[in-house]
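> The structure that follows is given in the form of structure tokens.
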Amino acid sequence: MEKDPFSNPTDVGDGPVSIYHVYHTNRDDSKNYSIHALSDSHTPINLNPKTTKIVSRTSTSKSDADIPKPQTWWRKLLLASARAKAFDKPGKDPRVENCPYFLQLPTLYGHDPPYALKRGGKKGEVAGLMKPHFAWKSWEIQLGEILKQEGIVDGRGVVNWRYGTKNGEDGTLKGYTERKRRYWGESGKKWFKLQKEIGHTIPEVAEKARPDETVKLRWVHPITRAREYRYTWRGYEFVWKGTGQVASKRRFWRHFHRYQHLKLVVVLPREEKGGVKLSEGNEVLLAIYTSAVSKRKAGRLEVFWDVVEEFLNDHMGDLCRSDNSATISQAQATDVKAEKSTPEQKLNPEEETRERLKDIVMATALCMVIGEFGKRQALLSLFLLMIDIASNAGG
């Protein structure tokens, strides 16, 4: 039996629900994602004066906030397209610098680096590294306070070779070496210039960095359950799977929601008469992801934080860990950009557990989003290839 905290999960109201809008950032030049609490339609942005004049013939203002709402469908479509192009341009979206989360895929020719999940915007601290495997069948998510220390993840968005090993041996982080020159299109342009000046002054550490913990997200049954992803975190099983609980005004499409939208549930163990815990038990709904049919917007993620907090309070004793986090000395973790005057205070176990679960929910959601998007693109490419083969055969 599943616990549904809200009768209408799309109605935020005053309830303790956080809505995150997931967007492809600069989709023509990168595979980054930005996660915002404010959608594009509610964010003011300056548009091209020519576009403004076409959409609204009575207004000459550059700000789309002053444009009267278009009355025809084609003007609405034109305005939405113009806004999407404006937000897609580098440096034009004001939310990227301080958004709740930002997902970066570093560009490093000849290598396949993991995604870097950053908290607090494009230049925020790194919360985790996400590495996909063949055909999105599994993801490896490395998390820990070690990633937040200066210099561990350098300006390119990858773990620097001074703090990691060549292939991530013995549970360490995989480090990436520095080239003598930077190729056009690679990440870390400003960092590379600074590295040429003072990079030789930073020594390699003897003890390599290790993540606090690693979460493995698996696409369990690719054929029979094409939309189900599972992972285990500190003894509890979490599942992303298809759902039809997303409210919609269009009744006809409700039957297809479970093939488009997903929900995150945690499986709680239950006790029998003898007090023996079973592997399967009640499911508690934690989040819902609603897909969007758009080039820029991937979808909308709704997290029910009151239910998450209730789950944490009920099982905090099992979730908290007493072992120390993997750290290296502050002298070893010095960035080429700046130095920390004082080390950050470490969170207590309960606060660390709460923050870690938030990062895991966001990281696994983005893994699932990228996997679903990749599968749709692969199916579309296959469909177009079959059409091309059929047309050539018929000709």
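Going through the structure tokens in order, the chains are called A, B, and so on, while each chain numbers its residues from 1 and the ligands are numbered from 1 in the order shown.
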So that I can see what lies close to A:Glu372, please list as an MDAnalysis selection string the residues with an atom at most 9 Å from it, counting only C-alpha atoms and leaving out residues fewer than 4 positions away in the same chain.
chainID A and resid 136 227 367:368 376:377
> Can I get the selected residues back with N, CA and C atoms, as a tab-separated table (two decimals), in the first residue's frame?

chain	number	residue	atom	x	y	z
A	136	TRP	N	22.66	3.47	-20.33
A	136	TRP	CA	21.97	4.00	-19.16
A	136	TRP	C	21.43	2.91	-18.24
A	227	ARG	N	10.50	1.27	-17.23
A	227	ARG	CA	10.56	2.55	-16.52
A	227	ARG	C	10.66	2.31	-15.02
A	367	CYS	N	19.62	11.45	-13.13
A	367	CYS	CA	20.04	10.24	-13.82
A	367	CYS	C	18.89	9.64	-14.61
A	368	MET	N	17.75	9.56	-13.97
A	368	MET	CA	16.56	9.02	-14.61
A	368	MET	C	16.12	9.90	-15.78
A	376	ARG	N	14.49	7.96	-25.48
A	376	ARG	CA	13.55	8.54	-26.46
A	376	ARG	C	14.29	8.96	-27.73
A	377	GLN	N	15.48	9.56	-27.57
A	377	GLN	CA	16.25	9.97	-28.74
A	377	GLN	C	16.70	8.77	-29.55
> Within 10 Å of A:Arg182, counting only C-alpha atoms, which residues show up once you throw out same-chain ones fewer than 3 positions away? Write them as a PyMOL selection string, please.
chain A and resi 108-109+178-179+185-189+192-193
> Fewer than 3 positions away in the same chain doesn't count, so skip those; otherwise give me all residues within 7 Å of A:Ser18, counting only C-alpha atoms, as a ChimeraX atom specification.
/A:302-304
> Nearest to A:Lys263: which of A:Asp314, A:Glu228, A:Asp306, A:Glu237 is it, counting only C-alpha atoms?
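Selected residue with least distance to A:Lys263: A:Glu228.
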> Near A:Ser291, counting only C-alpha atoms, which residues have an atom at most 7 Å away, once you skip same-chain residues fewer than 2 positions from it, shown as a tab-separated table (two decimals) with all heavy atoms, in the first residue's frame?

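Listed below is the output, part_18.tsv:
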chain	number	residue	atom	x	y	z
A	260	GLN	N	4.98	8.07	-19.16
A	260	GLN	CA	5.62	9.37	-19.35
A	260	GLN	C	6.13	9.96	-18.04
A	260	GLN	O	7.19	10.57	-18.00
A	260	GLN	CB	4.64	10.36	-19.99
A	260	GLN	CG	5.24	11.72	-20.31
A	260	GLN	CD	4.25	12.63	-20.96
A	260	GLN	OE1	3.06	12.31	-21.08
A	260	GLN	NE2	4.70	13.80	-21.37
A	261	HIS	N	5.40	9.79	-16.94
A	261	HIS	CA	5.77	10.38	-15.67
A	261	HIS	C	6.26	9.30	-14.70
A	261	HIS	O	5.93	8.12	-14.85
A	261	HIS	CB	4.56	11.12	-15.05
A	261	HIS	CG	3.89	12.05	-16.02
A	261	HIS	ND1	4.57	13.02	-16.70
A	261	HIS	CD2	2.60	12.13	-16.42
A	261	HIS	CE1	3.72	13.69	-17.48
A	261	HIS	NE2	2.53	13.16	-17.33
A	289	TYR	N	7.91	13.09	-10.78
A	289	TYR	CA	8.53	13.79	-11.91
A	289	TYR	C	7.56	13.79	-13.08
A	289	TYR	O	7.08	12.73	-13.51
A	289	TYR	CB	9.84	13.12	-12.32
A	289	TYR	CG	10.46	13.78	-13.53
A	289	TYR	CD1	11.12	14.99	-13.41
A	289	TYR	CD2	10.36	13.19	-14.79
A	289	TYR	CE1	11.69	15.60	-14.52
A	289	TYR	CE2	10.92	13.79	-15.90
A	289	TYR	CZ	11.58	15.00	-15.76
A	289	TYR	OH	12.12	15.60	-16.87
A	293	VAL	N	7.18	17.83	-23.01
A	293	VAL	CA	7.51	17.66	-24.42
A	293	VAL	C	8.03	18.99	-24.94
A	293	VAL	O	7.29	19.81	-25.48
A	293	VAL	CB	6.29	17.19	-25.23
A	293	VAL	CG1	6.67	16.92	-26.68
A	293	VAL	CG2	5.69	15.95	-24.59
A	298	ALA	N	13.03	19.85	-19.66
A	298	ALA	CA	12.97	18.40	-19.55
A	298	ALA	C	11.75	17.95	-18.76
A	298	ALA	O	11.14	16.92	-19.06
A	298	ALA	CB	14.23	17.86	-18.89
A	299	GLY	N	11.38	18.72	-17.73
A	299	GLY	CA	10.23	18.35	-16.94
A	299	GLY	C	10.20	19.10	-15.61
A	299	GLY	O	10.95	20.06	-15.39
A	300	ARG	N	9.33	18.63	-14.72
A	300	ARG	CA	9.14	19.27	-13.42
A	300	ARG	C	9.19	18.22	-12.32
A	300	ARG	O	8.54	17.18	-12.40
A	300	ARG	CB	7.78	19.99	-13.37
A	300	ARG	CG	7.56	20.78	-12.09
A	300	ARG	CD	6.26	21.54	-12.15
A	300	ARG	NE	5.10	20.66	-12.15
A	300	ARG	CZ	3.85	21.08	-12.06
A	300	ARG	NH1	3.59	22.38	-11.99
A	300	ARG	NH2	2.85	20.23	-12.07
> Of the candidates A:Asn348, A:Leu382, A:Asp359, A:Tyr33, which shows the shortest atom-to-atom distance to A:Gln142, using only C-alpha atoms?
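Using only C-alpha atoms, the shortest distance to A:Gln142 belongs to A:Asp359.
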> Using only C-alpha atoms, which residues sit within 9 Å of A:Val22 once same-chain residues fewer than 2 positions away are excluded, as a list of chain:residue names?
A:Tyr20, A:His24, A:Tyr33, A:Ser34, A:Ile35, A:His36, A:Ser39, A:Arg296, A:Lys297, A:Ala298, A:Gly299, A:Arg300, A:Leu301, A:Leu366
> Fewer than 5 positions away in the same chain doesn't count, so skip those; otherwise give me all residues within 12 Å of A:Glu310, counting only C-alpha atoms, as JSON, numbers by chain.
{"A": [5, 16, 284, 285, 286, 304, 305, 315, 316, 354]}
> A:Leu357, A:Ile202, A:Leu379, A:Ile19: which is nearest A:Leu143, counting only C-alpha atoms?
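That would be A:Leu357, the residue with the smallest distance to A:Leu143.
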> Give me every strand (DSSP E or B) residue in stretch 78-221 of chain A, going by DSSP on the backbone, as a ChimeraX atom specification.
/A:101-104,115-119,125-132,138-143,150,153,159-160,165,174,176,213-221
> Only N, CA, C and O atoms, please: the residues just picked out, written as a compact mmCIF listing (two decimals), in the first residue's frame.

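Printed below is selection-v1.txt as written:
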# COMPACT_ATOMS: atom_id res chain seq x y z
N TYR A 101 20.23 23.74 -8.01
CA TYR A 101 21.19 22.74 -8.47
C TYR A 101 21.56 23.02 -9.93
O TYR A 101 20.76 23.58 -10.69
N PHE A 102 22.76 22.62 -10.27
CA PHE A 102 23.23 22.73 -11.66
C PHE A 102 24.02 21.46 -11.98
O PHE A 102 24.89 21.04 -11.21
N LEU A 103 23.72 20.86 -13.13
CA LEU A 103 24.39 19.63 -13.54
C LEU A 103 25.29 19.92 -14.73
O LEU A 103 24.80 20.32 -15.79
N GLN A 104 26.58 19.71 -14.55
CA GLN A 104 27.56 19.99 -15.60
C GLN A 104 28.16 18.70 -16.13
O GLN A 104 28.55 17.82 -15.37
N TYR A 115 29.26 13.37 -14.81
CA TYR A 115 28.52 14.61 -14.54
C TYR A 115 28.90 15.11 -13.15
O TYR A 115 29.14 14.32 -12.23
N ALA A 116 28.92 16.42 -13.01
CA ALA A 116 29.19 17.05 -11.71
C ALA A 116 27.93 17.77 -11.25
O ALA A 116 27.49 18.73 -11.90
N LEU A 117 27.33 17.29 -10.16
CA LEU A 117 26.14 17.91 -9.60
C LEU A 117 26.57 19.00 -8.62
O LEU A 117 27.22 18.72 -7.61
N LYS A 118 26.20 20.25 -8.92
CA LYS A 118 26.60 21.38 -8.11
C LYS A 118 25.40 21.97 -7.38
O LYS A 118 24.32 22.11 -7.97
N ARG A 119 25.61 22.31 -6.14
CA ARG A 119 24.54 22.92 -5.34
C ARG A 119 24.81 24.42 -5.22
O ARG A 119 25.90 24.84 -4.86
N GLU A 125 29.23 24.66 -4.99
CA GLU A 125 30.03 23.54 -4.51
C GLU A 125 29.50 22.23 -5.10
O GLU A 125 28.30 22.07 -5.35
N VAL A 126 30.41 21.30 -5.33
CA VAL A 126 30.05 20.01 -5.94
C VAL A 126 29.49 19.09 -4.87
O VAL A 126 30.12 18.84 -3.84
N ALA A 127 28.29 18.58 -5.11
CA ALA A 127 27.63 17.66 -4.17
C ALA A 127 27.85 16.20 -4.53
O ALA A 127 27.81 15.34 -3.66
N GLY A 128 28.07 15.91 -5.82
CA GLY A 128 28.25 14.52 -6.22
C GLY A 128 28.72 14.41 -7.66
O GLY A 128 28.61 15.34 -8.46
N LEU A 129 29.26 13.23 -7.98
CA LEU A 129 29.68 12.90 -9.33
C LEU A 129 28.84 11.74 -9.84
O LEU A 129 28.67 10.74 -9.14
N MET A 130 28.31 11.85 -11.05
CA MET A 130 27.39 10.87 -11.60
C MET A 130 27.97 10.28 -12.88
O MET A 130 28.17 10.98 -13.86
N LYS A 131 28.22 8.98 -12.84
CA LYS A 131 28.85 8.30 -13.98
C LYS A 131 27.89 7.27 -14.57
O LYS A 131 27.54 6.29 -13.92
N PRO A 132 27.44 7.47 -15.84
CA PRO A 132 26.56 6.47 -16.47
C PRO A 132 27.37 5.34 -17.07
O PRO A 132 28.55 5.50 -17.42
N SER A 138 22.90 1.50 -15.76
CA SER A 138 23.26 1.74 -14.37
C SER A 138 24.02 3.06 -14.26
O SER A 138 24.65 3.51 -15.23
N TRP A 139 23.95 3.64 -13.07
CA TRP A 139 24.66 4.87 -12.76
C TRP A 139 25.41 4.68 -11.45
O TRP A 139 24.92 4.03 -10.53
N GLU A 140 26.58 5.27 -11.39
CA GLU A 140 27.36 5.27 -10.17
C GLU A 140 27.47 6.70 -9.66
O GLU A 140 28.03 7.56 -10.35
N ILE A 141 26.95 6.95 -8.47
CA ILE A 141 26.89 8.30 -7.91
C ILE A 141 27.82 8.34 -6.70
O ILE A 141 27.59 7.64 -5.71
N GLN A 142 28.85 9.15 -6.77
CA GLN A 142 29.81 9.32 -5.68
C GLN A 142 29.51 10.62 -4.94
O GLN A 142 29.43 11.68 -5.56
N LEU A 143 29.34 10.51 -3.63
CA LEU A 143 28.97 11.67 -2.82
C LEU A 143 29.92 11.80 -1.64
O LEU A 143 30.55 10.82 -1.21
N GLU A 150 38.12 22.84 -1.69
CA GLU A 150 38.70 23.58 -2.80
C GLU A 150 39.81 22.78 -3.46
O GLU A 150 40.69 22.22 -2.81
N VAL A 153 37.75 19.15 -7.07
CA VAL A 153 37.16 19.29 -8.40
C VAL A 153 37.62 20.64 -8.95
O VAL A 153 37.30 21.69 -8.40
N VAL A 159 37.73 15.78 -11.25
CA VAL A 159 38.67 15.62 -10.14
C VAL A 159 40.09 15.78 -10.66
O VAL A 159 40.49 15.14 -11.64
N ASN A 160 40.85 16.66 -10.03
CA ASN A 160 42.21 16.91 -10.46
C ASN A 160 43.10 15.70 -10.16
O ASN A 160 42.92 15.00 -9.16
N THR A 165 43.25 9.00 -8.46
CA THR A 165 44.08 8.00 -9.13
C THR A 165 43.70 7.90 -10.59
O THR A 165 42.71 8.47 -11.05
N LYS A 174 38.55 9.06 -9.39
CA LYS A 174 39.35 9.06 -10.61
C LYS A 174 39.79 10.47 -10.94
O LYS A 174 38.98 11.38 -11.04
N TYR A 176 41.93 13.36 -13.37
CA TYR A 176 42.15 13.67 -14.78
C TYR A 176 43.35 14.60 -14.90
O TYR A 176 43.42 15.63 -14.23
N GLU A 213 30.46 7.91 0.30
CA GLU A 213 29.63 6.76 -0.04
C GLU A 213 29.31 6.79 -1.53
O GLU A 213 29.38 7.85 -2.18
N THR A 214 28.97 5.63 -2.06
CA THR A 214 28.64 5.48 -3.47
C THR A 214 27.26 4.83 -3.59
O THR A 214 26.99 3.80 -2.97
N VAL A 215 26.39 5.47 -4.37
CA VAL A 215 25.04 4.95 -4.61
C VAL A 215 24.97 4.47 -6.05
O VAL A 215 25.37 5.18 -6.98
N LYS A 216 24.45 3.27 -6.25
CA LYS A 216 24.34 2.69 -7.58
C LYS A 216 22.87 2.58 -7.96
O LYS A 216 22.10 1.85 -7.35
N LEU A 217 22.51 3.35 -8.98
CA LEU A 217 21.16 3.35 -9.52
C LEU A 217 21.11 2.39 -10.70
O LEU A 217 21.92 2.49 -11.63
N ARG A 218 20.17 1.45 -10.67
CA ARG A 218 20.12 0.41 -11.69
C ARG A 218 18.77 0.39 -12.39
O ARG A 218 17.71 0.51 -11.75
N TRP A 219 18.83 0.22 -13.69
CA TRP A 219 17.65 -0.03 -14.52
C TRP A 219 17.45 -1.53 -14.49
O TRP A 219 18.08 -2.29 -15.22
N VAL A 220 16.57 -1.99 -13.60
CA VAL A 220 16.54 -3.40 -13.21
C VAL A 220 16.06 -4.30 -14.34
O VAL A 220 16.73 -5.27 -14.72
N HIS A 221 14.89 -4.01 -14.89
CA HIS A 221 14.30 -4.88 -15.91
C HIS A 221 14.05 -4.06 -17.18
O HIS A 221 12.96 -3.50 -17.36
> Using DSSP on the backbone, list every residue of stretch 62-226 of chain A that comes out as helix (DSSP H, G or I), and give them as a PyMOL selection string.
chain A and resi 64-66+73-88+96-98+134-136+145-148+169-171+189-201
> Please produce a file of the residues just selected, as a short mmCIF file (atom, residue, chain, number, x, y, z; two decimals), in the first residue's frame, where the atoms kept are N, CA and C atoms.

data_model
loop_
_atom_site.label_atom_id
_atom_site.label_comp_id
_atom_site.auth_asym_id
_atom_site.auth_seq_id
_atom_site.Cartn_x
_atom_site.Cartn_y
_atom_site.Cartn_z
N ASP A 64 10.00 41.66 -21.92
CA ASP A 64 8.77 40.93 -22.24
C ASP A 64 7.74 41.06 -21.13
N ALA A 65 8.14 41.61 -19.96
CA ALA A 65 7.18 41.81 -18.88
C ALA A 65 6.16 42.88 -19.25
N ASP A 66 6.54 43.79 -20.17
CA ASP A 66 5.64 44.87 -20.58
C ASP A 66 4.81 44.50 -21.80
N TRP A 73 -2.88 32.03 -31.08
CA TRP A 73 -2.02 30.93 -30.71
C TRP A 73 -0.63 31.05 -31.33
N TRP A 74 -0.55 31.62 -32.55
CA TRP A 74 0.76 31.71 -33.18
C TRP A 74 1.63 32.77 -32.51
N ARG A 75 1.02 33.81 -31.96
CA ARG A 75 1.80 34.81 -31.23
C ARG A 75 2.30 34.24 -29.90
N LYS A 76 1.48 33.41 -29.26
CA LYS A 76 1.92 32.75 -28.04
C LYS A 76 3.10 31.82 -28.34
N LEU A 77 3.00 31.10 -29.44
CA LEU A 77 4.08 30.19 -29.83
C LEU A 77 5.35 30.96 -30.17
N LEU A 78 5.20 32.10 -30.83
CA LEU A 78 6.34 32.92 -31.20
C LEU A 78 7.03 33.48 -29.95
N LEU A 79 6.24 33.94 -29.00
CA LEU A 79 6.81 34.49 -27.77
C LEU A 79 7.52 33.40 -26.96
N ALA A 80 6.90 32.22 -26.87
CA ALA A 80 7.53 31.12 -26.13
C ALA A 80 8.84 30.69 -26.78
N SER A 81 8.87 30.65 -28.11
CA SER A 81 10.09 30.28 -28.83
C SER A 81 11.18 31.33 -28.62
N ALA A 82 10.79 32.60 -28.66
CA ALA A 82 11.76 33.68 -28.46
C ALA A 82 12.34 33.65 -27.05
N ARG A 83 11.51 33.37 -26.06
CA ARG A 83 11.99 33.29 -24.68
C ARG A 83 12.94 32.11 -24.51
N ALA A 84 12.61 30.97 -25.11
CA ALA A 84 13.47 29.80 -24.99
C ALA A 84 14.84 30.05 -25.61
N LYS A 85 14.87 30.71 -26.78
CA LYS A 85 16.15 31.03 -27.41
C LYS A 85 16.95 32.02 -26.58
N ALA A 86 16.25 32.98 -25.95
CA ALA A 86 16.95 33.96 -25.12
C ALA A 86 17.55 33.31 -23.88
N PHE A 87 16.81 32.42 -23.23
CA PHE A 87 17.32 31.73 -22.04
C PHE A 87 18.46 30.78 -22.39
N ASP A 88 18.47 30.27 -23.63
CA ASP A 88 19.49 29.30 -24.03
C ASP A 88 20.85 29.93 -24.29
N VAL A 96 20.96 30.97 -13.44
CA VAL A 96 21.96 29.91 -13.46
C VAL A 96 23.00 30.09 -12.36
N GLU A 97 23.32 31.34 -12.01
CA GLU A 97 24.39 31.60 -11.05
C GLU A 97 24.01 31.22 -9.62
N ASN A 98 22.71 31.20 -9.31
CA ASN A 98 22.30 30.88 -7.93
C ASN A 98 21.11 29.93 -7.89
N PHE A 134 26.83 1.55 -19.67
CA PHE A 134 26.33 1.20 -20.99
C PHE A 134 24.81 1.32 -21.08
N ALA A 135 24.35 2.11 -22.08
CA ALA A 135 22.92 2.24 -22.41
C ALA A 135 22.08 2.65 -21.20
N TRP A 136 22.66 3.47 -20.33
CA TRP A 136 21.97 4.00 -19.16
C TRP A 136 21.43 2.91 -18.24
N GLU A 145 31.61 14.98 1.49
CA GLU A 145 32.10 16.31 1.81
C GLU A 145 33.45 16.59 1.15
N ILE A 146 34.15 15.54 0.78
CA ILE A 146 35.46 15.69 0.16
C ILE A 146 35.36 16.47 -1.14
N LEU A 147 34.25 16.33 -1.86
CA LEU A 147 34.08 17.00 -3.15
C LEU A 147 33.91 18.51 -3.00
N LYS A 148 33.51 18.95 -1.81
CA LYS A 148 33.28 20.38 -1.59
C LYS A 148 34.57 21.13 -1.26
N GLU A 169 41.29 3.49 -8.50
CA GLU A 169 41.61 2.23 -7.83
C GLU A 169 41.32 2.29 -6.35
N ASP A 170 40.91 1.13 -5.81
CA ASP A 170 40.71 0.95 -4.37
C ASP A 170 39.71 1.95 -3.78
N GLY A 171 38.68 2.26 -4.54
CA GLY A 171 37.63 3.13 -4.03
C GLY A 171 37.97 4.60 -4.01
N LYS A 189 38.24 27.22 -19.42
CA LYS A 189 39.12 28.15 -20.15
C LYS A 189 39.89 29.07 -19.19
N LYS A 190 39.20 29.70 -18.26
CA LYS A 190 39.85 30.59 -17.31
C LYS A 190 40.77 29.81 -16.37
N TRP A 191 40.33 28.64 -15.95
CA TRP A 191 41.13 27.82 -15.05
C TRP A 191 42.43 27.40 -15.71
N PHE A 192 42.39 27.10 -17.00
CA PHE A 192 43.58 26.66 -17.70
C PHE A 192 44.64 27.76 -17.75
N LYS A 193 44.21 29.00 -17.92
CA LYS A 193 45.16 30.11 -17.94
C LYS A 193 45.83 30.29 -16.58
N LEU A 194 45.05 30.17 -15.50
CA LEU A 194 45.64 30.26 -14.17
C LEU A 194 46.56 29.08 -13.88
N GLN A 195 46.19 27.92 -14.39
CA GLN A 195 46.99 26.73 -14.14
C GLN A 195 48.36 26.84 -14.79
N LYS A 196 48.45 27.46 -15.93
CA LYS A 196 49.73 27.64 -16.60
C LYS A 196 50.67 28.51 -15.80
N GLU A 197 50.09 29.43 -15.00
CA GLU A 197 50.91 30.36 -14.24
C GLU A 197 51.38 29.77 -12.91
N ILE A 198 50.47 29.17 -12.15
CA ILE A 198 50.83 28.73 -10.79
C ILE A 198 50.51 27.26 -10.53
N GLY A 199 50.16 26.51 -11.58
CA GLY A 199 49.82 25.10 -11.37
C GLY A 199 50.99 24.27 -10.89
N HIS A 200 52.21 24.64 -11.30
CA HIS A 200 53.38 23.86 -10.92
C HIS A 200 53.72 23.99 -9.45
N THR A 201 53.10 24.96 -8.76
CA THR A 201 53.39 25.17 -7.34
C THR A 201 52.55 24.28 -6.43
#
